[in-house]
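For reference, coords.cif is printed below; it contains mmCIF, C-alpha atoms.
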data_final
#
loop_
_atom_site.label_atom_id
_atom_site.label_comp_id
_atom_site.auth_asym_id
_atom_site.auth_seq_id
_atom_site.Cartn_x
_atom_site.Cartn_y
_atom_site.Cartn_z
CA MET D 1 26.57 17.00 -11.94
CA THR D 2 29.20 17.17 -9.19
CA TRP D 3 28.26 16.97 -5.54
CA ASN D 4 28.87 20.25 -3.69
CA VAL D 5 29.34 18.87 -0.20
CA SER D 6 30.26 22.26 1.28
CA LYS D 7 26.96 23.70 0.08
CA VAL D 8 25.05 20.72 1.48
CA ARG D 9 26.81 20.98 4.84
CA ALA D 10 25.70 24.60 5.11
CA ASP D 11 22.10 23.32 5.24
CA PHE D 12 22.74 21.64 8.62
CA PRO D 13 23.21 24.12 11.48
CA ILE D 14 24.06 21.36 13.96
CA LEU D 15 27.34 20.72 12.13
CA ASP D 16 28.54 24.26 12.82
CA GLN D 17 29.75 23.62 16.35
CA LYS D 18 32.65 22.25 18.34
CA ILE D 19 32.64 19.28 20.71
CA HIS D 20 35.31 19.38 23.42
CA GLY D 21 36.88 22.20 21.45
CA LYS D 22 37.06 20.17 18.22
CA PRO D 23 34.92 20.55 15.08
CA LEU D 24 32.01 18.11 15.14
CA VAL D 25 32.45 15.06 12.89
CA TYR D 26 29.02 13.43 12.91
CA LEU D 27 29.29 9.73 11.99
CA ASP D 28 26.18 8.35 13.70
CA ASN D 29 23.63 8.84 10.93
CA ALA D 30 22.31 5.27 11.10
CA ALA D 31 21.01 6.07 14.57
CA SER D 32 19.50 9.43 13.67
CA ALA D 33 20.22 11.95 10.93
CA PRO D 34 20.53 15.70 11.62
CA ARG D 35 17.82 18.03 10.37
CA PRO D 36 18.48 20.58 7.65
CA ARG D 37 17.43 24.17 8.15
CA ALA D 38 14.49 23.66 5.77
CA VAL D 39 12.95 21.14 8.18
CA ILE D 40 13.68 23.23 11.26
CA ASP D 41 12.14 26.31 9.62
CA ALA D 42 9.05 24.42 8.44
CA VAL D 43 8.35 23.21 11.97
CA ALA D 44 8.98 26.68 13.42
CA ARG D 45 6.63 28.30 10.89
CA TYR D 46 3.90 25.81 11.71
CA GLU D 47 4.28 26.31 15.44
CA SER D 48 4.33 30.11 15.19
CA GLU D 49 1.70 30.62 12.47
CA SER D 50 -0.57 27.61 11.96
CA HIS D 51 -0.80 25.49 15.09
CA ALA D 52 -4.25 24.00 15.67
CA ASN D 53 -5.77 20.55 15.85
CA VAL D 54 -6.35 18.85 12.53
CA HIS D 55 -9.48 17.38 10.92
CA ARG D 56 -11.91 18.64 13.55
CA GLY D 57 -12.12 22.38 13.08
CA VAL D 58 -13.72 24.65 10.50
CA HIS D 59 -11.75 27.73 11.53
CA THR D 60 -8.85 28.99 9.46
CA LEU D 61 -5.97 27.71 11.59
CA SER D 62 -7.43 24.21 11.80
CA GLN D 63 -7.92 24.12 8.06
CA ARG D 64 -4.40 25.40 7.48
CA ALA D 65 -2.92 22.83 9.87
CA THR D 66 -4.91 20.04 8.22
CA ASP D 67 -3.68 21.06 4.78
CA LEU D 68 -0.06 21.00 5.94
CA TYR D 69 -0.50 17.69 7.78
CA GLU D 70 -2.28 15.89 4.94
CA GLY D 71 0.02 17.53 2.41
CA ALA D 72 2.90 15.67 4.05
CA ARG D 73 1.05 12.40 3.45
CA SER D 74 0.79 13.15 -0.26
CA LYS D 75 4.50 13.98 -0.41
CA VAL D 76 5.36 10.63 1.16
CA ARG D 77 3.00 8.86 -1.26
CA ASP D 78 4.90 10.29 -4.23
CA PHE D 79 8.30 9.72 -2.59
CA ILE D 80 7.76 5.96 -2.32
CA GLY D 81 5.42 5.53 -5.29
CA ALA D 82 2.34 4.47 -3.30
CA GLY D 83 -0.99 4.15 -5.08
CA SER D 84 -2.95 6.56 -2.88
CA ASP D 85 -2.87 8.56 0.32
CA GLN D 86 -5.14 5.95 1.88
CA GLU D 87 -2.27 3.45 1.85
CA VAL D 88 -0.03 5.77 3.89
CA VAL D 89 -0.54 5.52 7.66
CA PHE D 90 1.22 7.96 9.99
CA THR D 91 2.95 6.35 12.99
CA ARG D 92 5.48 7.37 15.61
CA GLY D 93 8.22 5.45 13.77
CA THR D 94 9.20 2.11 12.29
CA THR D 95 8.82 0.41 15.66
CA GLU D 96 5.19 1.44 15.90
CA GLY D 97 4.62 0.33 12.31
CA VAL D 98 5.89 -3.16 13.11
CA ASN D 99 3.81 -3.38 16.27
CA LEU D 100 0.73 -2.11 14.47
CA VAL D 101 0.93 -4.90 11.90
CA MET D 102 1.76 -7.49 14.57
CA ALA D 103 -1.25 -6.47 16.67
CA ALA D 104 -3.81 -5.61 13.98
CA TRP D 105 -2.99 -8.36 11.48
CA GLY D 106 -0.78 -10.88 13.25
CA ARG D 107 -3.05 -11.57 16.20
CA ALA D 108 -6.01 -12.16 13.88
CA ASN D 109 -4.21 -14.37 11.36
CA VAL D 110 -1.37 -16.30 13.00
CA ARG D 111 -2.42 -19.63 14.50
CA GLU D 112 -0.76 -22.30 16.59
CA GLY D 113 1.74 -24.22 14.50
CA ASP D 114 2.21 -21.44 11.94
CA ASP D 115 5.69 -20.16 11.11
CA ILE D 116 6.87 -16.56 11.49
CA VAL D 117 10.06 -16.00 9.50
CA VAL D 118 12.66 -13.32 10.32
CA LEU D 119 16.23 -12.71 9.21
CA ARG D 120 19.11 -13.16 11.64
CA SER D 121 20.21 -9.58 10.94
CA GLU D 122 16.95 -7.88 11.93
CA HIS D 123 16.86 -4.87 14.22
CA HIS D 124 15.18 -5.67 17.55
CA SER D 125 12.16 -3.63 16.42
CA ASN D 126 11.57 -6.10 13.61
CA PHE D 127 12.47 -9.16 15.67
CA VAL D 128 11.03 -8.88 19.17
CA PRO D 129 7.38 -8.14 18.16
CA TRP D 130 7.34 -11.27 15.98
CA GLN D 131 9.05 -13.27 18.71
CA ALA D 132 6.39 -12.11 21.16
CA LEU D 133 3.61 -13.00 18.70
CA ALA D 134 5.10 -16.46 18.20
CA ILE D 135 5.07 -17.05 21.95
CA GLU D 136 1.53 -15.69 22.32
CA LYS D 137 0.12 -17.78 19.46
CA ARG D 138 2.28 -20.87 19.98
CA ALA D 139 3.69 -20.36 16.52
CA ARG D 140 7.29 -21.07 15.53
CA LEU D 141 9.82 -18.28 15.00
CA ARG D 142 12.03 -19.39 12.12
CA ILE D 143 15.31 -17.49 11.79
CA VAL D 144 16.98 -17.22 8.38
CA GLU D 145 20.73 -17.55 8.90
CA LEU D 146 23.63 -15.84 7.14
CA THR D 147 26.56 -17.29 5.23
CA PRO D 148 30.15 -16.82 6.45
CA ASP D 149 30.38 -13.68 4.29
CA LEU D 150 27.33 -12.29 6.14
CA THR D 151 24.87 -12.51 3.26
CA ILE D 152 21.55 -14.38 3.03
CA ASP D 153 21.83 -18.15 3.31
CA TRP D 154 19.37 -19.19 0.60
CA ASN D 155 19.19 -22.76 1.86
CA SER D 156 18.23 -21.50 5.31
CA LEU D 157 15.57 -19.28 3.73
CA LYS D 158 14.11 -22.19 1.76
CA GLU D 159 14.02 -24.31 4.91
CA ALA D 160 12.30 -21.53 6.89
CA LEU D 161 9.62 -21.25 4.21
CA SER D 162 9.07 -24.99 3.88
CA GLY D 163 6.53 -25.36 6.69
CA ARG D 164 3.51 -23.14 7.36
CA PRO D 165 4.89 -19.62 6.87
CA LYS D 166 2.35 -16.95 7.67
CA ILE D 167 4.57 -13.88 7.52
CA LEU D 168 8.17 -13.04 6.65
CA ALA D 169 9.68 -9.92 8.21
CA MET D 170 12.90 -8.47 6.86
CA GLY D 171 14.93 -5.27 6.69
CA LEU D 172 15.54 -3.71 3.32
CA MET D 173 18.96 -2.54 4.47
CA SER D 174 20.71 -3.76 7.63
CA ASN D 175 21.64 -1.14 10.21
CA VAL D 176 24.94 -2.94 10.91
CA LEU D 177 25.76 -5.05 7.83
CA GLY D 178 24.74 -2.30 5.44
CA MET D 179 23.84 -4.57 2.54
CA LEU D 180 20.69 -3.95 0.54
CA GLN D 181 18.77 -7.20 0.74
CA PRO D 182 17.35 -8.76 -2.47
CA VAL D 183 13.82 -7.99 -1.28
CA ALA D 184 12.04 -8.63 -4.57
CA GLU D 185 13.50 -12.13 -4.84
CA ILE D 186 12.90 -12.99 -1.19
CA ALA D 187 9.37 -11.57 -1.27
CA ALA D 188 8.57 -13.65 -4.35
CA MET D 189 9.73 -16.82 -2.58
CA ALA D 190 7.76 -15.97 0.55
CA SER D 191 4.61 -15.10 -1.37
CA LYS D 192 4.81 -18.34 -3.33
CA ALA D 193 5.07 -20.20 -0.02
CA GLY D 194 1.91 -18.48 1.22
CA ALA D 195 3.47 -15.87 3.50
CA ARG D 196 2.78 -12.17 3.75
CA VAL D 197 5.86 -9.90 3.62
CA PHE D 198 6.75 -7.05 5.98
CA VAL D 199 9.72 -4.80 5.12
CA ASP D 200 11.58 -2.51 7.51
CA ALA D 201 12.96 0.30 5.32
CA ALA D 202 14.21 2.54 8.14
CA GLN D 203 17.86 2.42 7.04
CA ALA D 204 17.27 2.42 3.30
CA VAL D 205 14.95 5.40 2.97
CA ALA D 206 17.68 8.03 3.43
CA HIS D 207 20.25 6.47 1.13
CA LEU D 208 18.69 5.43 -2.16
CA PRO D 209 15.55 5.85 -4.23
CA LEU D 210 12.77 3.83 -2.61
CA LYS D 211 10.04 2.72 -5.01
CA LEU D 212 7.45 0.16 -4.01
CA SER D 213 7.11 -1.06 -7.60
CA GLU D 214 10.67 -2.41 -7.48
CA LEU D 215 10.24 -4.45 -4.29
CA GLY D 216 8.07 -7.27 -5.56
CA PRO D 217 5.06 -8.69 -3.69
CA VAL D 218 5.59 -6.74 -0.45
CA ASP D 219 2.52 -6.29 1.78
CA TRP D 220 3.74 -3.74 4.34
CA LEU D 221 6.66 -1.33 4.50
CA ALA D 222 7.65 0.95 7.36
CA PHE D 223 10.23 3.65 7.98
CA SER D 224 11.00 6.55 10.34
CA GLY D 225 11.21 10.28 9.79
CA HIS D 226 14.29 10.84 11.92
CA LYS D 227 16.41 8.53 9.75
CA MET D 228 15.71 10.76 6.73
CA CYS D 229 16.45 14.20 8.21
CA GLY D 230 12.95 14.62 9.63
CA PRO D 231 11.70 14.99 13.22
CA THR D 232 11.70 12.19 15.75
CA GLY D 233 8.35 10.66 16.65
CA THR D 234 7.27 10.39 13.02
CA GLY D 235 7.01 7.33 10.83
CA ILE D 236 5.22 5.75 7.92
CA LEU D 237 3.46 2.43 7.49
CA TRP D 238 2.55 1.70 3.90
CA ALA D 239 0.27 -1.26 3.28
CA ARG D 240 -1.77 -2.75 0.49
CA ARG D 241 -5.20 -1.19 0.75
CA GLU D 242 -7.03 -4.51 0.86
CA LEU D 243 -5.00 -5.50 3.92
CA LEU D 244 -5.67 -2.22 5.69
CA GLU D 245 -9.37 -2.72 5.02
CA GLN D 246 -9.23 -6.16 6.65
CA MET D 247 -7.18 -5.08 9.66
CA THR D 248 -8.97 -3.89 12.77
CA PRO D 249 -7.70 -0.85 14.72
CA TRP D 250 -5.13 -1.51 17.41
CA MET D 251 -5.64 1.82 19.18
CA TYR D 252 -8.94 3.51 19.93
CA GLY D 253 -9.96 7.11 20.56
CA GLY D 254 -10.64 10.33 18.76
CA ASP D 255 -10.38 10.74 14.98
CA MET D 256 -10.28 7.00 14.23
CA ILE D 257 -14.03 6.64 14.68
CA ARG D 258 -16.97 7.30 12.39
CA ARG D 259 -19.75 6.88 14.93
CA VAL D 260 -19.79 5.98 18.62
CA GLY D 261 -22.90 4.36 20.06
CA ASP D 262 -23.71 3.17 23.54
CA GLN D 263 -22.70 -0.43 22.86
CA GLU D 264 -20.60 -0.35 19.69
CA SER D 265 -18.72 1.95 17.34
CA SER D 266 -17.75 2.10 13.69
CA TRP D 267 -14.37 3.17 12.31
CA ASN D 268 -13.18 6.02 10.16
CA GLU D 269 -11.99 5.65 6.58
CA LEU D 270 -8.40 4.79 5.69
CA PRO D 271 -5.84 5.81 6.73
CA TRP D 272 -7.33 7.59 9.78
CA LYS D 273 -8.77 4.33 11.05
CA PHE D 274 -5.27 3.62 12.42
CA GLU D 275 -4.47 7.15 13.67
CA ALA D 276 -6.15 7.57 17.05
CA GLY D 277 -5.85 10.77 19.03
CA THR D 278 -4.21 14.11 18.32
CA PRO D 279 -1.20 13.39 16.11
CA ASN D 280 2.31 14.82 16.01
CA ILE D 281 1.23 17.55 13.60
CA SER D 282 4.40 19.63 13.66
CA GLY D 283 6.47 16.47 13.28
CA PHE D 284 4.72 15.47 10.08
CA VAL D 285 4.94 19.01 8.74
CA GLY D 286 8.67 18.61 9.28
CA MET D 287 8.66 15.19 7.66
CA GLY D 288 6.99 16.67 4.61
CA ALA D 289 9.76 19.26 4.48
CA ALA D 290 12.36 16.50 4.78
CA VAL D 291 10.82 14.71 1.80
CA ASP D 292 10.96 17.97 -0.17
CA TYR D 293 14.61 18.45 0.81
CA LEU D 294 15.71 14.94 -0.16
CA SER D 295 13.71 15.08 -3.39
CA ALA D 296 15.42 18.35 -4.34
CA LEU D 297 18.85 16.81 -3.70
CA GLY D 298 17.89 13.78 -5.80
CA MET D 299 18.16 10.34 -4.20
CA GLU D 300 20.13 8.96 -7.16
CA ARG D 301 22.74 11.68 -6.60
CA VAL D 302 22.70 11.07 -2.84
CA HIS D 303 23.33 7.37 -3.36
CA ALA D 304 26.12 7.96 -5.89
CA TYR D 305 28.01 10.32 -3.58
CA GLU D 306 27.58 8.07 -0.56
CA ARG D 307 28.89 5.13 -2.59
CA THR D 308 32.19 6.97 -3.11
CA LEU D 309 32.35 7.70 0.62
CA THR D 310 31.67 4.05 1.44
CA GLU D 311 34.45 2.83 -0.84
CA LYS D 312 36.89 5.24 0.78
CA LEU D 313 35.71 4.28 4.28
CA PHE D 314 36.30 0.56 3.71
CA ALA D 315 39.66 1.17 2.01
CA GLU D 316 40.92 3.37 4.82
CA LEU D 317 39.65 1.14 7.64
CA ALA D 318 41.46 -1.80 6.04
CA ARG D 319 44.72 0.06 6.70
CA VAL D 320 44.16 0.28 10.46
CA GLU D 321 46.25 -2.28 12.30
CA GLY D 322 44.22 -4.57 14.56
CA LEU D 323 40.85 -3.53 13.11
CA LYS D 324 38.36 -6.21 12.07
CA LEU D 325 35.38 -5.37 9.92
CA TRP D 326 32.09 -7.17 10.53
CA ASN D 327 30.46 -6.38 7.20
CA PRO D 328 30.05 -8.21 3.89
CA PRO D 329 32.99 -7.26 1.64
CA LEU D 330 32.51 -4.46 -0.88
CA SER D 331 33.53 -6.92 -3.59
CA LEU D 332 30.05 -8.48 -3.31
CA GLY D 333 28.71 -5.36 -5.03
CA GLY D 334 25.18 -4.02 -4.93
CA ALA D 335 23.73 -1.03 -3.16
CA ARG D 336 24.49 -0.63 0.52
CA ALA D 337 24.29 1.81 3.38
CA PRO D 338 27.36 3.99 3.90
CA LEU D 339 28.33 2.35 7.17
CA ALA D 340 30.82 -0.05 8.70
CA GLN D 341 30.94 -1.86 12.03
CA PHE D 342 34.23 -3.06 13.45
CA THR D 343 36.21 -4.06 16.50
CA LEU D 344 39.66 -2.73 17.33
CA GLU D 345 42.05 -5.15 19.00
CA GLY D 346 42.65 -4.33 22.65
CA VAL D 347 40.03 -1.57 22.81
CA HIS D 348 36.47 -1.97 24.08
CA PRO D 349 33.96 -0.35 21.69
CA HIS D 350 32.59 1.93 24.43
CA ASP D 351 36.10 3.09 25.37
CA LEU D 352 36.80 3.75 21.71
CA ALA D 353 33.60 5.76 21.32
CA GLN D 354 34.55 7.94 24.30
CA PHE D 355 38.07 8.39 22.95
CA LEU D 356 36.70 9.51 19.58
CA ASP D 357 34.14 11.80 21.22
CA ALA D 358 37.01 13.65 22.90
CA GLU D 359 38.20 14.44 19.35
CA GLY D 360 34.73 15.63 18.27
CA ILE D 361 33.86 12.41 16.43
CA ALA D 362 30.38 10.98 17.05
CA VAL D 363 30.10 7.21 16.47
CA ARG D 364 27.92 4.45 17.93
CA ALA D 365 29.14 1.62 20.17
CA GLY D 366 27.26 -1.39 21.52
CA HIS D 367 25.04 -4.13 20.13
CA HIS D 368 23.10 -1.73 17.85
CA CYS D 369 19.80 -3.51 18.57
CA VAL D 370 20.94 -6.66 16.74
CA GLN D 371 21.84 -8.94 19.65
CA PRO D 372 20.69 -12.13 17.83
CA LEU D 373 23.19 -11.33 15.07
CA LEU D 374 26.14 -10.33 17.23
CA SER D 375 25.55 -13.30 19.56
CA LYS D 376 25.74 -15.61 16.56
CA LEU D 377 28.98 -13.92 15.49
CA GLY D 378 30.38 -14.20 19.01
CA VAL D 379 30.86 -10.45 19.32
CA PRO D 380 29.28 -8.68 22.33
CA ALA D 381 29.65 -5.20 20.85
CA THR D 382 31.11 -3.31 17.91
CA THR D 383 31.83 0.27 16.92
CA ARG D 384 29.71 1.57 14.06
CA VAL D 385 30.54 4.44 11.75
CA SER D 386 27.67 5.61 9.56
CA LEU D 387 28.02 8.34 6.95
CA SER D 388 25.59 10.58 5.10
CA PHE D 389 25.61 12.86 2.07
CA PHE D 390 26.95 15.82 4.09
CA ASN D 391 30.08 14.02 5.25
CA GLU D 392 33.41 14.84 3.65
CA PRO D 393 36.26 12.48 2.65
CA THR D 394 38.58 14.39 5.00
CA GLU D 395 36.40 13.32 7.92
CA ILE D 396 37.15 9.68 7.08
CA ASP D 397 40.87 10.50 7.06
CA PHE D 398 40.57 12.14 10.46
CA LEU D 399 38.65 9.15 11.83
CA VAL D 400 41.31 6.71 10.67
CA GLU D 401 44.05 8.88 12.17
CA GLN D 402 42.27 8.85 15.53
CA LEU D 403 41.71 5.09 15.39
CA GLY D 404 45.47 4.66 15.09
CA ARG D 405 45.98 6.98 18.04
CA ALA D 406 43.39 5.06 20.07
CA ARG D 407 45.10 1.72 19.50
CA ARG D 408 48.45 3.14 20.63
CA TYR D 409 46.86 4.86 23.62
CA PHE D 410 45.03 1.79 24.94
CA ALA D 411 47.96 -0.51 24.20
#

Structure encoded using structure tokens:
Amino acid sequence: MTWNVSKVRADFPILDQKIHGKPLVYLDNAASAPRPRAVIDAVARYESESHANVHRGVHTLSQRATDLYEGARSKVRDFIGAGSDQEVVFTRGTTEGVNLVMAAWGRANVREGDDIVVLRSEHHSNFVPWQALAIEKRARLRIVELTPDLTIDWNSLKEALSGRPKILAMGLMSNVLGMLQPVAEIAAMASKAGARVFVDAAQAVAHLPLKLSELGPVDWLAFSGHKMCGPTGTGILWARRELLEQMTPWMYGGDMIRRVGDQESSWNELPWKFEAGTPNISGFVGMGAAVDYLSALGMERVHAYERTLTEKLFAELARVEGLKLWNPPLSLGGARAPLAQFTLEGVHPHDLAQFLDAEGIAVRAGHHCVQPLLSKLGVPATTRVSLSFFNEPTEIDFLVEQLGRARRYFA
């Protein structure tokens, strides 16, 4: 079945506008993806027809809101192939998911002299919490390095796992390198070495089918709603049920309790044990709608179309004089995010981003929350272009044309 990109684009009202008098070319999807009308309408319907607090009320609106809210949890369960709703914890995003595990499991299990293993390419959200835990517990933060072609250095991984590894944290798909990491193989090595495995799936979830059964012995997995066409302030932490049972709450308040006494309290069942306070109900209604939308498109079809865009993007960028790509080459194969990061000779990334914005092109410039990686590469900042299934090949052509103009202008 062919991909009708014009029909898909019509689902996104934000694309139907001009920036500085030019049609919007949105190429910043790795930062946050636009919302389709189906998500916007689902949130609007909830707010106008069903808004009430969840779980606590017996009246009709509260019951209706609870059904919508918990219905989103079931949709996510099916989307990732989780075993039950009880394994699916609602968070404010991937960042909160990482911090939840760091606080509720890491502080209770990591000891002085243990090793915490992270990849050099990790987003700050999956790097800094583990760094902070290592400092707090007097553990060692072991960083797995990359090869010259920016892929996993297996010798470095083996070395990092050779001591007392307690946990290994890794991204399923890098937000700057784009490569899909061999999670199942890495997780198997880490598990054999005695480490638990945390996976940041924020970038991967919007670009390819995500099934837990294919990831090997992973213990936790987190992602964000806004990366997958859902509302901001929504996220998912999946975890093995036995681990969630062992973990103590990291936040306290309403809804996460079973009984409160004068001197002690007991906690609610999973997953609500980790969901204190009134949640972002409308956000998760929207996230449920985003799951429905992506499921209807078909993630296999999404990935196939984006692969063709990625091949064109790399081919066209290679033609730009003075442009250097900072990504593993496409020749390495495998699934990847439809993105590229690069520097353009003689042009600062922030200047380039402003130049492109004047032409209606939205890109990202800076360190992209991967300073440990860019510092190692000796690059203070790059420009990142990130595509999605609503982008058109002609937008890549227009981007490349403007990159050529930018180089001549700044020269």

Quiz item: What does the distance between CA of Thr382 (chain D) and CA of Val370 (chain D) come to in Å, to one decimal place?
Solution: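 Calculated distance between CA of Thr382 (chain D) and CA of Val370 (chain D) is 10.8 Å.
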
Self-check item: Pick from D:Arg407, D:Lys211, D:His368, D:Arg164 nearest to Val183 (chain D), counting only C-alpha atoms
Solution: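 Ranking D:Arg407, D:Lys211, D:His368, D:Arg164 by distance to Val183 (chain D), first place goes to D:Lys211.
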
Given all atoms listed in the file, how would the per-residue table for region 205-252 of chain D near region 113-131 of chain D read, listing every residue at most 12 Å away with its closest atom pair and distance in Å to one decimal, sorted by chain and number, as CSV?
residue,atom,partner,partner_atom,distance
D:Leu221,CA,D:Asn126,CA,11.4
D:Ala222,CA,D:Asn126,CA,10.2
D:Phe223,CA,D:Ser125,CA,11.3
D:Ser224,CA,D:Ser125,CA,11.9

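For the structure shown here, the set of residues caught by the PyMOL selection byres ((chain D and resi 258) around 6) is Ile257, Arg259, Ser266, Trp267 and Asn268 of chain D.
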
Self-check item: d(CA of Trp220 (chain D), CA of Leu339 (chain D)) in Å
Solution: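 Going from CA of Trp220 (chain D) over to CA of Leu339 (chain D), I get 25.5 Å.
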
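Candidate residues D:Glu49, D:Glu136, D:Glu392, D:Asp397 were compared for distance to Glu306 (chain D), and the nearest is D:Glu392, using only C-alpha atoms.
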
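Non-sequential neighbours of Pro34 (chain D) (distance at most 8 Å, separation of 4 or more positions within a chain, only C-alpha atoms) are Phe12, Ile14, Asn29, His226, Cys229 and Gly230 of chain D.
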
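Remark: for Lys312 (chain D), the closest of the candidate residues D:Leu387, D:Ala290, D:Ile396, D:Ile281 is D:Ile396 (distances computed over all atoms listed in the file).
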